[in-house]
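**Student:** Have a look at this one before I ask anything.
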Amino acid sequence: MFKIVDHSLDASELAALVRSDADGAVCTFLGVARKYSRGREVVHLEYEAYPEMAEKKMAEIGDELRVKFGAERVAILHRTGVLKIGEASVGIAVATPHRREAFAACQYAIDRLKETVPIWKKEIWSDGQQWIGWEGRPPAAPSAQSEEIP
């Protein structure tokens with residue numbers, strides 16, 4: 001399942017979409033809105049997407065996971081709209097016979113999603129806002145300051 005959605009994401013529901021008795025591992029990933037980014041306090045996030053193209057690109061990532069990691073069951077969901085701090089923006093679930101492939105596939109999927117899927121994020125800060133987006137390439141490496149921990 002590869003979908004752009006406008007509702008909350010749940011790791012258990014994602015896992016249920018991909019789990020089978022043939023698999024020994026289900027790996028899930030949730031990307032959540034954090035309170036601090038780029039050295040600023042985030043009030044909330046806003047996501048927009050080109051759904052038809054985004055879902056096509058997510059399905060292509062699923063195809064890559066099958067080839068590279070043997071992952072036959074994959075779900076990638078990305079949320080649009082306004083997200084509060086702590087809410088999940090993206091959810092990925094991968095089922096494979098063994099854990100190593102499940103972990104590797106999940107990480108690969110989120111990295112490829114950020115590189116190729118047309119989804120745009122606006123960070124709303126306490127003192128401004130900015131679109132942080134997809135330009136067909138991965139975002140610049142974060143600075144040490146953007147990794148502040150509250």
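Labeling convention for the structure tokens: chains A, B, ... as they appear, residues from 1 per chain, ligands from 1 in order of appearance.
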Could you pull out all residues of segment 20-91 of chain A with a DSSP call of helix (DSSP H, G or I) and give them as a short mmCIF file (atom, residue, chain, number, x, y, z; two decimals) with C-alpha atoms, in the first residue's frame?

**Tutor:**
data_model
loop_
_atom_site.label_atom_id
_atom_site.label_comp_id
_atom_site.auth_asym_id
_atom_site.auth_seq_id
_atom_site.Cartn_x
_atom_site.Cartn_y
_atom_site.Cartn_z
CA PRO A 51 -0.70 12.59 -4.67
CA GLU A 52 -0.73 10.78 -8.01
CA MET A 53 2.99 11.27 -8.58
CA ALA A 54 3.89 10.74 -4.92
CA GLU A 55 2.06 7.41 -4.79
CA LYS A 56 3.69 6.32 -8.05
CA LYS A 57 7.14 7.18 -6.66
CA MET A 58 6.40 5.38 -3.38
CA ALA A 59 5.37 2.28 -5.34
CA GLU A 60 8.68 2.49 -7.22
CA ILE A 61 10.46 2.48 -3.86
CA GLY A 62 8.47 -0.65 -2.99
CA ASP A 63 9.75 -2.26 -6.20
CA GLU A 64 13.32 -1.33 -5.25
CA LEU A 65 12.84 -2.93 -1.82
CA ARG A 66 11.70 -6.18 -3.43
CA VAL A 67 14.80 -6.31 -5.63
CA LYS A 68 17.38 -5.14 -3.07
CA PHE A 69 16.04 -6.72 0.13
#

**Student:** At a cut-off of 10 Å, can you tabulate as a tab-separated table every residue of segment 46-148 of chain A near segment 6-27 of chain A together with its closest atom pair and the distance in Å to one decimal, using only C-alpha atoms and ordering rows by chain then number?

**Tutor:**
residue	atom	partner	partner_atom	distance
A:Tyr47	CA	A:Asp6	CA	9.7
A:Ala71	CA	A:Asp23	CA	9.5
A:Glu72	CA	A:Val18	CA	8.6
A:Arg73	CA	A:Val18	CA	5.0
A:Val74	CA	A:Val18	CA	5.9
A:Ala75	CA	A:Val18	CA	6.7
A:Ile76	CA	A:Leu14	CA	8.3
A:Leu77	CA	A:Leu9	CA	7.8
A:His78	CA	A:Asp6	CA	8.3
A:Arg79	CA	A:Asp6	CA	5.3
A:Thr80	CA	A:Asp6	CA	5.2
A:Gly81	CA	A:Asp6	CA	6.4
A:Val82	CA	A:Asp6	CA	9.1
A:Leu83	CA	A:Ser8	CA	9.0
A:Glu87	CA	A:Ser8	CA	7.3
A:Ala88	CA	A:Leu9	CA	6.0
A:Ser89	CA	A:Leu9	CA	7.5
A:Val90	CA	A:Leu9	CA	7.5
A:Gly91	CA	A:Leu9	CA	6.6
A:Ile92	CA	A:Leu14	CA	7.1
A:Ala93	CA	A:Cys27	CA	5.6
A:Val94	CA	A:Cys27	CA	5.3
A:Ala95	CA	A:Val26	CA	4.4
A:Thr96	CA	A:Asp23	CA	5.1
A:Pro97	CA	A:Asp23	CA	4.1
A:His98	CA	A:Gly24	CA	5.4
A:Arg99	CA	A:Ala25	CA	5.0
A:Arg100	CA	A:Ala25	CA	8.6
A:Glu101	CA	A:Ala25	CA	8.6
A:Ala102	CA	A:Cys27	CA	5.6
A:Phe103	CA	A:Cys27	CA	6.0
A:Ala104	CA	A:Cys27	CA	9.3
A:Ala105	CA	A:Cys27	CA	8.6
A:Cys106	CA	A:Cys27	CA	6.7
A:Gln107	CA	A:Cys27	CA	9.6

**Student:** I'd like a table as a Markdown table: residues in segment 28-82 of chain A with an atom no more than 7 Å from segment 120-130 of chain A, each row giving the shortest atom pair and its distance in Å to one decimal, only C-alpha atoms counted, sorted by chain and rising residue number.

**Tutor:**
| residue | atom | partner | partner_atom | distance |
| --- | --- | --- | --- | --- |
| A:Arg40 | CA | A:Trp125 | CA | 6.5 |
| A:Glu41 | CA | A:Trp125 | CA | 5.5 |
| A:Val42 | CA | A:Trp125 | CA | 4.3 |
| A:Val43 | CA | A:Trp125 | CA | 5.2 |
| A:His44 | CA | A:Ile124 | CA | 5.5 |
| A:Leu45 | CA | A:Glu123 | CA | 4.9 |
| A:Glu46 | CA | A:Lys122 | CA | 5.0 |
| A:Tyr47 | CA | A:Lys121 | CA | 4.6 |
| A:Glu48 | CA | A:Trp120 | CA | 5.2 |
| A:Ala49 | CA | A:Trp120 | CA | 6.1 |

**Student:** Would you work out the distance separating atom CA of Arg38 of chain A from atom CA of Tyr50 of chain A, expressed in Å to one decimal?

**Tutor:** 25.5 Å

**Student:** Between atom CA of Lys3 of chain A and atom CA of Trp131 of chain A, what is the spacing in Å?

**Tutor:** 22.0 Å

**Student:** Segment 22-127 of chain A: which residues are strand (DSSP E or B) by DSSP, as a VMD selection string?

**Tutor:** chain A and resid 25 to 32 36 to 37 40 to 49 73 to 79 81 to 84 88 to 96 119 to 125

**Student:** Once you have the residues from the selection above, write them out as a short mmCIF file (atom, residue, chain, number, x, y, z; two decimals), in the first residue's frame, restricted to N, CA and C atoms.

**Tutor:**
data_model
loop_
_atom_site.label_atom_id
_atom_site.label_comp_id
_atom_site.auth_asym_id
_atom_site.auth_seq_id
_atom_site.Cartn_x
_atom_site.Cartn_y
_atom_site.Cartn_z
N ALA A 25 10.24 -10.94 10.45
CA ALA A 25 10.53 -9.58 10.88
C ALA A 25 9.56 -8.60 10.24
N VAL A 26 9.07 -7.68 11.05
CA VAL A 26 8.31 -6.53 10.58
C VAL A 26 8.96 -5.32 11.21
N CYS A 27 9.43 -4.43 10.36
CA CYS A 27 10.07 -3.21 10.83
C CYS A 27 9.17 -2.04 10.45
N THR A 28 8.88 -1.18 11.43
CA THR A 28 8.09 0.01 11.15
C THR A 28 8.90 1.25 11.49
N PHE A 29 8.62 2.31 10.76
CA PHE A 29 9.26 3.60 10.99
C PHE A 29 8.19 4.67 10.94
N LEU A 30 8.20 5.55 11.94
CA LEU A 30 7.35 6.73 11.92
C LEU A 30 8.25 7.96 11.99
N GLY A 31 8.08 8.86 11.06
CA GLY A 31 8.74 10.16 11.12
C GLY A 31 7.76 11.12 11.77
N VAL A 32 8.17 11.78 12.85
CA VAL A 32 7.25 12.62 13.61
C VAL A 32 7.71 14.08 13.63
N TYR A 36 11.93 21.24 17.70
CA TYR A 36 13.02 22.14 17.31
C TYR A 36 13.61 21.69 15.98
N SER A 37 13.82 22.65 15.09
CA SER A 37 14.42 22.36 13.80
C SER A 37 15.18 23.59 13.33
N ARG A 40 15.38 26.54 15.63
CA ARG A 40 14.18 27.32 15.94
C ARG A 40 13.12 26.42 16.55
N GLU A 41 12.22 27.05 17.31
CA GLU A 41 11.10 26.32 17.88
C GLU A 41 9.99 26.18 16.84
N VAL A 42 9.58 24.95 16.60
CA VAL A 42 8.53 24.66 15.63
C VAL A 42 7.17 24.67 16.34
N VAL A 43 6.22 25.39 15.75
CA VAL A 43 4.86 25.44 16.29
C VAL A 43 4.04 24.28 15.71
N HIS A 44 4.13 24.11 14.39
CA HIS A 44 3.50 22.97 13.71
C HIS A 44 4.09 22.85 12.31
N LEU A 45 3.73 21.78 11.63
CA LEU A 45 4.17 21.56 10.24
C LEU A 45 2.95 21.52 9.34
N GLU A 46 3.17 21.87 8.07
CA GLU A 46 2.13 21.72 7.06
C GLU A 46 2.75 20.97 5.88
N TYR A 47 2.06 19.92 5.43
CA TYR A 47 2.55 19.12 4.31
C TYR A 47 1.59 19.22 3.14
N GLU A 48 2.18 19.30 1.94
CA GLU A 48 1.43 19.23 0.70
C GLU A 48 2.12 18.19 -0.19
N ALA A 49 1.36 17.61 -1.10
CA ALA A 49 1.93 16.60 -2.00
C ALA A 49 1.20 16.65 -3.33
N ARG A 73 6.33 -7.45 1.06
CA ARG A 73 5.22 -6.73 1.67
C ARG A 73 5.74 -5.41 2.25
N VAL A 74 5.26 -4.29 1.65
CA VAL A 74 5.72 -2.95 2.01
C VAL A 74 4.52 -2.02 2.06
N ALA A 75 4.49 -1.14 3.04
CA ALA A 75 3.49 -0.07 3.10
C ALA A 75 4.22 1.24 3.37
N ILE A 76 3.88 2.25 2.59
CA ILE A 76 4.42 3.59 2.80
C ILE A 76 3.24 4.55 2.73
N LEU A 77 3.00 5.26 3.83
CA LEU A 77 1.93 6.25 3.90
C LEU A 77 2.55 7.58 4.29
N HIS A 78 2.11 8.65 3.65
CA HIS A 78 2.56 9.99 4.03
C HIS A 78 1.35 10.88 4.22
N ARG A 79 1.37 11.60 5.30
CA ARG A 79 0.26 12.45 5.67
C ARG A 79 0.42 13.85 5.08
N GLY A 81 -1.49 17.97 5.21
CA GLY A 81 -2.25 18.84 6.10
C GLY A 81 -1.38 19.36 7.24
N VAL A 82 -2.05 19.86 8.27
CA VAL A 82 -1.38 20.45 9.43
C VAL A 82 -1.11 19.37 10.46
N LEU A 83 0.14 19.30 10.93
CA LEU A 83 0.52 18.33 11.95
C LEU A 83 1.02 19.05 13.18
N LYS A 84 0.53 18.61 14.33
CA LYS A 84 1.02 19.12 15.61
C LYS A 84 2.34 18.43 15.94
N ALA A 88 2.80 11.90 13.56
CA ALA A 88 3.58 11.26 12.49
C ALA A 88 3.21 11.82 11.13
N SER A 89 4.24 12.14 10.35
CA SER A 89 4.04 12.62 8.99
C SER A 89 4.20 11.49 7.98
N VAL A 90 5.05 10.53 8.29
CA VAL A 90 5.31 9.43 7.37
C VAL A 90 5.38 8.13 8.16
N GLY A 91 4.86 7.07 7.56
CA GLY A 91 4.94 5.75 8.15
C GLY A 91 5.36 4.74 7.12
N ILE A 92 6.29 3.89 7.50
CA ILE A 92 6.79 2.84 6.61
C ILE A 92 6.76 1.53 7.38
N ALA A 93 6.30 0.48 6.72
CA ALA A 93 6.36 -0.86 7.31
C ALA A 93 6.87 -1.81 6.24
N VAL A 94 7.79 -2.68 6.67
CA VAL A 94 8.41 -3.65 5.77
C VAL A 94 8.43 -4.99 6.47
N ALA A 95 8.01 -6.03 5.77
CA ALA A 95 8.07 -7.39 6.30
C ALA A 95 9.03 -8.21 5.44
N THR A 96 9.93 -8.93 6.10
CA THR A 96 10.89 -9.81 5.43
C THR A 96 11.09 -11.06 6.28
N ILE A 119 6.80 15.72 -2.13
CA ILE A 119 6.08 16.11 -0.91
C ILE A 119 6.81 17.34 -0.38
N TRP A 120 6.03 18.34 0.03
CA TRP A 120 6.60 19.58 0.51
C TRP A 120 6.17 19.83 1.94
N LYS A 121 7.10 20.33 2.74
CA LYS A 121 6.85 20.60 4.16
C LYS A 121 7.09 22.07 4.44
N LYS A 122 6.14 22.68 5.14
CA LYS A 122 6.33 24.04 5.63
C LYS A 122 6.50 23.96 7.13
N GLU A 123 7.64 24.48 7.62
CA GLU A 123 7.85 24.58 9.05
C GLU A 123 7.33 25.93 9.51
N ILE A 124 6.44 25.90 10.48
CA ILE A 124 5.91 27.11 11.08
C ILE A 124 6.61 27.25 12.43
N TRP A 125 7.42 28.30 12.56
CA TRP A 125 8.18 28.53 13.79
C TRP A 125 7.49 29.58 14.64
#

**Student:** For atom CA of Arg34 of chain A and atom CA of Val117 of chain A, quote the distance in Å rounded to one decimal.

**Tutor:**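 Value for the atom CA of Arg34 of chain A-atom CA of Val117 of chain A distance: 20.9 Å.
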